[in-house]
Structures are given as structure tokens and as C-alpha cells.
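Novice: First, the structure itself, so that you have it in front of you.
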2 protein chains.
Amino acid sequence: MKLLVVDDDADMLAVVSFALRQASFPVVTANSYGTGLAAFHTELPDLAILDINLPGGSGFELCGVIRRESNAPIMMLTARGEEADLVRALELGADDYLTKPFSPRTLVARVKALLRRAGQEGASPTRAGDLSLDAELLLLHIGEREIRITPLESRLLQLLLANAGQVVHTDRLLVHVWGHRGGGDRQLLKQLVHRLRQKIGDDPEQPRWLGTIPSVGYMLRVTPQS
Amino acid sequence: MKLLVVDDDADMLAVVSFALRQASFPVVTANSYGTGLAAFHTELPDLAILDINLPGGSGFELCGVIRRESNAPIMMLTARGEEADLVRALELGADDYLTKPFSPRTLVARVKALLRRAGQEGASPTRAGDLSLDAELLLLHIGEREIRITPLESRLLQLLLANAGQVVHTDRLLVHVWGHRGGGDRQLLKQLVHRLRQKIGDDPEQPRWLGTIPSVGYMLRVTPQS
DNA sequence: GGCAGTCATAACCGGATTGTTACCAGCTTG
DNA sequence: CAAGCTGGTAACAATCCGGTTATGACTGCC
């Protein structure tokens with residue numbers, strides 16, 4: 001669970017991130033079109049909050065680009081009296097908007113509403129590289145292939161995809177997939193990874209997708225292995 | 001695709017329904033808590049628009065009740081300066097709100113955004129592919145065939161048809177058909193699906209219509225199985 | 001009462017999914 | 001080198017899940 005906030009106004013950025021962090025959301029920020037898009041790619045947030053006026057390109061364009069790559073909910077921030085623009089944003093794929101000024105409490109409530117809705121409908125496939133996961137249908141797409149996976153494998157992939165290209169620590173995987181904290185259950189994870197690797201045809205020695213980082217965790221590779 | 005609008009103000013009701021009908025949405029209306037809830041049960045709309053002040057019970061309560069039974073998007077209508085209440089509504093499960101006065105264009109845009117998000121745009125409630133259901137007469141048409149079905153089977157098909165081509169989660173089916181929340185009664189669903197499959201002559205191994213998605217739910221296939 | 005239709009409940013089966021145990025190989029460390 | 005860690009693999013057991021069948025309660029109808 002991670003949120004991205006893009007705004008060129010430093011004060012606004014501070015206020016918004018503070019409110020969200022108070023509500024215990026991890027927040028990533030950016031202050032321009034370029035850095036915002038880059039942050040979206042590297043951080044893969046679960047929700048994006050975009051200002052309309054951005055250096056380097058409008059929030060509309062950013063909204064459109066993000067929507068083409070992802071189904072993460074998008075919330076637009078705007079000044080008063082730009083209703084026409086708002087309609088345009090919603091048609092571009094934004095999910096909600098707030099007119100400045102707004103209360104932090106409202107912001108948090110609407111963010112929660114968007115996340116709850118997005119989470120319910122897991123119909124939105126998450127993707128990274130040539131992998132695309134449909135957590136609800138329990139389907140994994142690898143290029144042309146379509147592979148049926150189990151609920152546990154889906155949960156595993158969910159976390160790995162959300163942190164594609166980054167190492168995910170063993171303990172985090174255990175907590176996310178099984179819920180219980182603490183060690184002792186590494187064996188389950190070994191099995192799960194092993195079965196998943198077999199299913200997608202991955203070689204642990206030369207992993208194309210599921211890389212092992214000894215004594216740390218696993219990582220989903222996004223760049224085709226050189 | 002059907003929308004429900006609940007408001008005790010006749011003028012508001014007229015304006016809203018007119019705007020939505022202009023955008024070619026079928027609209028059902030109600031003017032109180034009781035009639036609203038009843039209409040929701042009988043009409044099974046894909047989206048509900050609720051005023052906060054209703055005779056017979058507040059829009060909040062109605063929102064909560066609906067959310068407990070369905071995942072249909074809910075939009076709240078409210079007068080200015082009730083922000084605290086809005087937060088409450090969003091926490092209760094509402095997905096969006098509009099403050100009066102609002103422009104019809106905004107209303108339609110936000111309704112569309114909600115529907116797109118819910119992934120139900122274009123779904124037709126009573127027919128899909130070569131299936132067509134008459135819930136009143138309890139008749140199911142498959143191509144040329146006409147099959148008599150039971151009330152429970154009708155309710156099952158209703159939800160599946162409304163989400164044709166999409167997986168419908170077991171819990172949602174249970175809630176829709178029997179009304180109980182929570183699991184434990186998967187057995188009933190097994191039976192119901194089994195009898196229905198027998199009736200329409202469907203093979204669970206190679207389902208032409210009623211597909212099983214293990215550990216998720218059932219799905220009505222719209223594309224003739226290759 | 002007899003009958004047919006509907007629905008709830010339970011039991012059983014086979015396959016899929018998941019948990020458990022064991023063993024092996026490689027690496028680090030003392 | 002031995003001990004102890006790691007991760008990969010295999011085999012097996014327990015459990016879950018959906019399909020099937022059987023049975024009984026309940027209803028409305030003749």
C-alpha cells in the first residue's frame with residue numbers, strides 16, 4: 001500500500017503528505033510531470049494524487065499516461081471554478097477530484113473510499129514487465145501464455161508485482177501471504193516459490209522472473225535477464 | 001444497466017433522472033427510505049444515487065444497508081456545508097458525492113466514472129449471448145429452447161447475467177440469492193448450480209455457459225466456447 | 001391422503017491445494 | 001574440516017473444494 005502525490009507547490013505537497021502519513025499511508029512525492037511519471041514507474045503506488053498544473057506537462061497528460069499503464073485510482077487536485085476541466089479529467093480516466101482548499105479529513109476519507117473500491121474489485125490486473133496478474137480470476141499472463149494460479153500464489157505475486165524490481169524481504173512475504181508473523185514458516189515460502197517457478201517454467205539458477213536474494217528474500221525481475 | 005435515484009424532493013428527482021436519461025441510462029426512482037430500499041431489492045440497479053434527507057430514515061442508513069448487500073457504487077447528494085456528514089457517508093461505504101447545486105454534466109460524468117470503475121458498463125441485466133432471462137415468468141431462453149426455472153435459479157441467473165463475462169464471487173452470489181452474509185452455506189450454492197446445469201444441459205468439465213473458477217466463484221460465459 | 005415441485009442437509013468421491021517432513025548441495029564461519 | 005546456515009527438491013499427508021447422489025421437509029395442488 002503506497003500513495004504517490006505530485007504537486008509543484010511545496011506547501012501543498014507538505015500538507016497533503018502530512019495528512020496522509022497521519023492516516024498511516026506510506027507516501028511518495030514528486031514535484032513535476034517528469035519526476036511524477038518516473039516515481040510512478042519505480043514506486044508502483046496504489047493510488048496517485050495529481051495536481052493539474054505541473055511543470056513539464058499538465059496533470060491531465062500525466063493522468064492519461066498513468067491510466068493507460070495502470071488501473072490505480074487517480075485523484076486530481078484543482079483550483080475552484082474549472083468544472084469543464086474536471087469533466088475532461090474524469091473522461092481521461094481520473095476517478096475523483098478535490099477542489100482547493102479542502103480539509104485534510106476530507107482528503108483522507110476520499111482516498112480511503114477510492115482504495116476500498118479499487119481493492120474490492122481486484123478486477124484490475126496489476127502488471128510489471130511481461131507479467132500481468134488478475135488476482136480475482138487467479139490468472140497470470142506471461143506474454144502470450146495464460147496460466148492458472150492458486151490463491152496463495154496470487155497473494156505472493158501480488159506483493160512481488162507491487163514491488164517489482166525491488167527485493168521483498170522474506171518476513172514481509174510471509175506476513176502478506178499467510179498473515180502470521182515470525183519465522184519458522186520459511187519452508188512454506190520455499191514450497192510456494194518452488195511450485196510457482198515450476199508452473200511458469202523458471203529456472204532458479206538463471207531466473208527469468210523470480211530471483212532469489214540469499215538470506216534476504218525474493219525479487220521479481222522486470223528487465224529481461226541479460 | 002440501470003440506475004436508482006432516491007430523493008424526496010420531486011424537482012430534484014426530475015432534474016437528475018432527466019439528465020441521466022438524456023445520457024441514455026435507464027432510471028428507477030423512489031422518494032423515501034422504504035421505497036428506496038425496496039426498489040433496490042427488486043430492481044437490482046448497477047448504481048444508486050441517494051439524497052441524505054429522506055422520509056423514513058436517513059440516506060446514511062440506506063447507504064449502509066445497501067453497501068452491506070451489494071457492491072454497486074453509491075453516490076450521495078447533499079446540500080452545502082455538511083462536510084462532516086460526507087466523511088461519515090464515505091466511511092459507510094459511499095463511493096462519491098455531489099453538493100447541490102451541481103451541473104447535470106458533472107453528474108453524468110461522475111456517474112460514468114463510477115460505473116467504469118465498477119467495470120459494469122455495457123452489461124445488460126437480462127440477456128447475454130444466447131441466454132435471455134424472464135425473471136417474472138421464471139423462463140430462461142437459450143436460443144430456441146425455453147426452460148422453466150425456479151425462483152432461486154432465477155435470482156442466481158440474474159446476478160450472473162448482470163455480470164456476464166465476469167467472475168462473480170461466491171459470497172456475492174450467496175448474499176444475492178439467499179441474503180445471508182458470510183460463508184458456511186456454499187453447499188446451497190453447489191446444489192443450485194448443479195440443478196441449473198442439469199436443467200440447461202451444461203457439462204461442468206467443458207461448460208458452455210456456467211463456468212467454475214475454483215476458489216473464487218462462477219462466471220457466465222458469453223463467447224461460445226471454442 | 002397422494003403427488004409433484006422446490007429446497008435444505010448430509011454424505012461421498014476425486015482432484016486440487018496446501019502443510020509437513022526429509023534430504024541434498026552450497027556457502028559461511030569458527 | 002565440522003557445524004550451522006541457506007535454498008532447492010522431492011515425497012507424502014492433511015485439508016479444501018467442487019461435483020454428485022441421496023434423503024427428508026415443506027409447499028401447493030389434485
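Numbering starts fresh at 1 for the residues of each chain in the C-alpha cells, the chains themselves are lettered A, B, ... in the order given, and ligands are numbered from 1 as they appear.
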Would you mind listing, as a PyMOL selection string, all residues of chain C that have at least one atom within 10 Å of chain A, where only C-alpha atoms (C1' of nucleotides) are what counts?

Specialist: chain C and resi 16-20

Novice: The selected residues should be written to file as an mmCIF file, in the first residue's frame (atoms: N, CA and C atoms (P, O5', C5', C4', C3', O3' and C1' of nucleotides)).

Specialist:
data_model
loop_
_atom_site.group_PDB
_atom_site.id
_atom_site.type_symbol
_atom_site.label_atom_id
_atom_site.label_comp_id
_atom_site.auth_asym_id
_atom_site.auth_seq_id
_atom_site.Cartn_x
_atom_site.Cartn_y
_atom_site.Cartn_z
ATOM 1 P P DA C 16 -6.343 -32.181 -10.840
ATOM 2 O "O5'" DA C 16 -6.304 -30.950 -9.821
ATOM 3 C "C5'" DA C 16 -7.415 -30.058 -9.814
ATOM 4 C "C4'" DA C 16 -7.329 -29.155 -8.607
ATOM 5 C "C3'" DA C 16 -6.003 -28.415 -8.461
ATOM 6 O "O3'" DA C 16 -6.272 -27.057 -8.174
ATOM 7 C "C1'" DA C 16 -6.502 -29.616 -6.464
ATOM 8 P P DT C 17 -5.121 -25.992 -8.168
ATOM 9 O "O5'" DT C 17 -4.829 -25.785 -6.624
ATOM 10 C "C5'" DT C 17 -5.931 -25.492 -5.763
ATOM 11 C "C4'" DT C 17 -5.503 -25.616 -4.326
ATOM 12 C "C3'" DT C 17 -4.181 -24.932 -3.973
ATOM 13 O "O3'" DT C 17 -4.456 -23.908 -3.034
ATOM 14 C "C1'" DT C 17 -4.342 -27.089 -2.990
ATOM 15 P P DT C 18 -3.267 -22.962 -2.577
ATOM 16 O "O5'" DT C 18 -2.789 -23.670 -1.231
ATOM 17 C "C5'" DT C 18 -3.754 -23.960 -0.219
ATOM 18 C "C4'" DT C 18 -3.143 -24.843 0.839
ATOM 19 C "C3'" DT C 18 -1.813 -24.329 1.424
ATOM 20 O "O3'" DT C 18 -1.974 -24.145 2.804
ATOM 21 C "C1'" DT C 18 -1.710 -26.644 0.942
ATOM 22 P P DG C 19 -0.746 -23.582 3.675
ATOM 23 O "O5'" DG C 19 -0.262 -24.908 4.432
ATOM 24 C "C5'" DG C 19 -1.192 -25.594 5.266
ATOM 25 C "C4'" DG C 19 -0.545 -26.798 5.926
ATOM 26 C "C3'" DG C 19 0.749 -26.521 6.691
ATOM 27 O "O3'" DG C 19 0.731 -27.260 7.907
ATOM 28 C "C1'" DG C 19 1.140 -28.161 5.036
ATOM 29 P P DT C 20 1.961 -27.148 8.918
ATOM 30 O "O5'" DT C 20 2.834 -28.425 8.592
ATOM 31 C "C5'" DT C 20 2.216 -29.716 8.657
ATOM 32 C "C4'" DT C 20 3.241 -30.801 8.378
ATOM 33 C "C3'" DT C 20 4.610 -30.588 9.034
ATOM 34 O "O3'" DT C 20 4.852 -31.651 9.937
ATOM 35 C "C1'" DT C 20 4.824 -31.238 6.747
#

Novice: Could you list, as a PDB file with C-alpha atoms, in the first residue's frame, every residue of chain B that has an atom within 12 Å of an atom of chain D, counting only C-alpha atoms (C1' of nucleotides)?

Specialist:
ATOM      1  CA  ARG B 186     -21.533 -22.963  -0.003  1.00  0.00           C
ATOM      2  CA  GLN B 187     -23.363 -26.223  -0.106  1.00  0.00           C
ATOM      3  CA  LEU B 189     -24.781 -22.813  -3.981  1.00  0.00           C
ATOM      4  CA  LYS B 190     -23.285 -26.090  -5.141  1.00  0.00           C
ATOM      5  CA  GLN B 191     -26.734 -27.627  -5.277  1.00  0.00           C
ATOM      6  CA  LEU B 192     -28.291 -24.698  -7.040  1.00  0.00           C
ATOM      7  CA  VAL B 193     -25.618 -24.589  -9.706  1.00  0.00           C
ATOM      8  CA  HIS B 194     -25.780 -28.332 -10.126  1.00  0.00           C
ATOM      9  CA  ARG B 195     -29.528 -28.380 -10.667  1.00  0.00           C
ATOM     10  CA  ARG B 197     -26.615 -27.084 -15.039  1.00  0.00           C
ATOM     11  CA  GLN B 198     -28.668 -30.246 -15.323  1.00  0.00           C
ATOM     12  CA  ASP B 203     -21.143 -30.025 -18.566  1.00  0.00           C
ATOM     13  CA  PRO B 204     -19.025 -28.792 -15.655  1.00  0.00           C
ATOM     14  CA  GLU B 205     -15.914 -30.091 -17.358  1.00  0.00           C
ATOM     15  CA  GLY B 211     -18.028 -21.714 -15.757  1.00  0.00           C
ATOM     16  CA  THR B 212     -16.399 -22.533 -12.447  1.00  0.00           C
ATOM     17  CA  ILE B 213     -13.447 -20.530 -11.217  1.00  0.00           C
ATOM     18  CA  PRO B 214     -12.081 -22.636  -8.375  1.00  0.00           C
ATOM     19  CA  SER B 215     -11.930 -20.944  -5.004  1.00  0.00           C
ATOM     20  CA  VAL B 216     -13.339 -17.760  -6.494  1.00  0.00           C
ATOM     21  CA  GLY B 217     -16.833 -18.158  -7.869  1.00  0.00           C
ATOM     22  CA  TYR B 218     -18.806 -18.705 -11.038  1.00  0.00           C
TER      23      TYR B 218
END

Novice: My list of candidates is B:Leu160, B:Val65, B:Leu174, B:Ala128. Which is closest to Phe40 in chain B when distances are computed with only C-alpha atoms?

Specialist: B:Val65

Novice: Using only C-alpha atoms, can you tell me which of A:Arg21, A:Arg110, A:His41, A:Arg145 comes closest to chain B?

Specialist: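 Going through A:Arg21, A:Arg110, A:His41, A:Arg145 one by one, the smallest distance to chain B is for A:Arg110.
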
Novice: Would you mind writing down, as a ChimeraX atom specification, each residue of range 38-201 of chain A that DSSP on the backbone assigns to helix (DSSP H, G or I)?

Specialist: /A:38-43,59-69,83-92,104-120,151-162,170-178,186-200
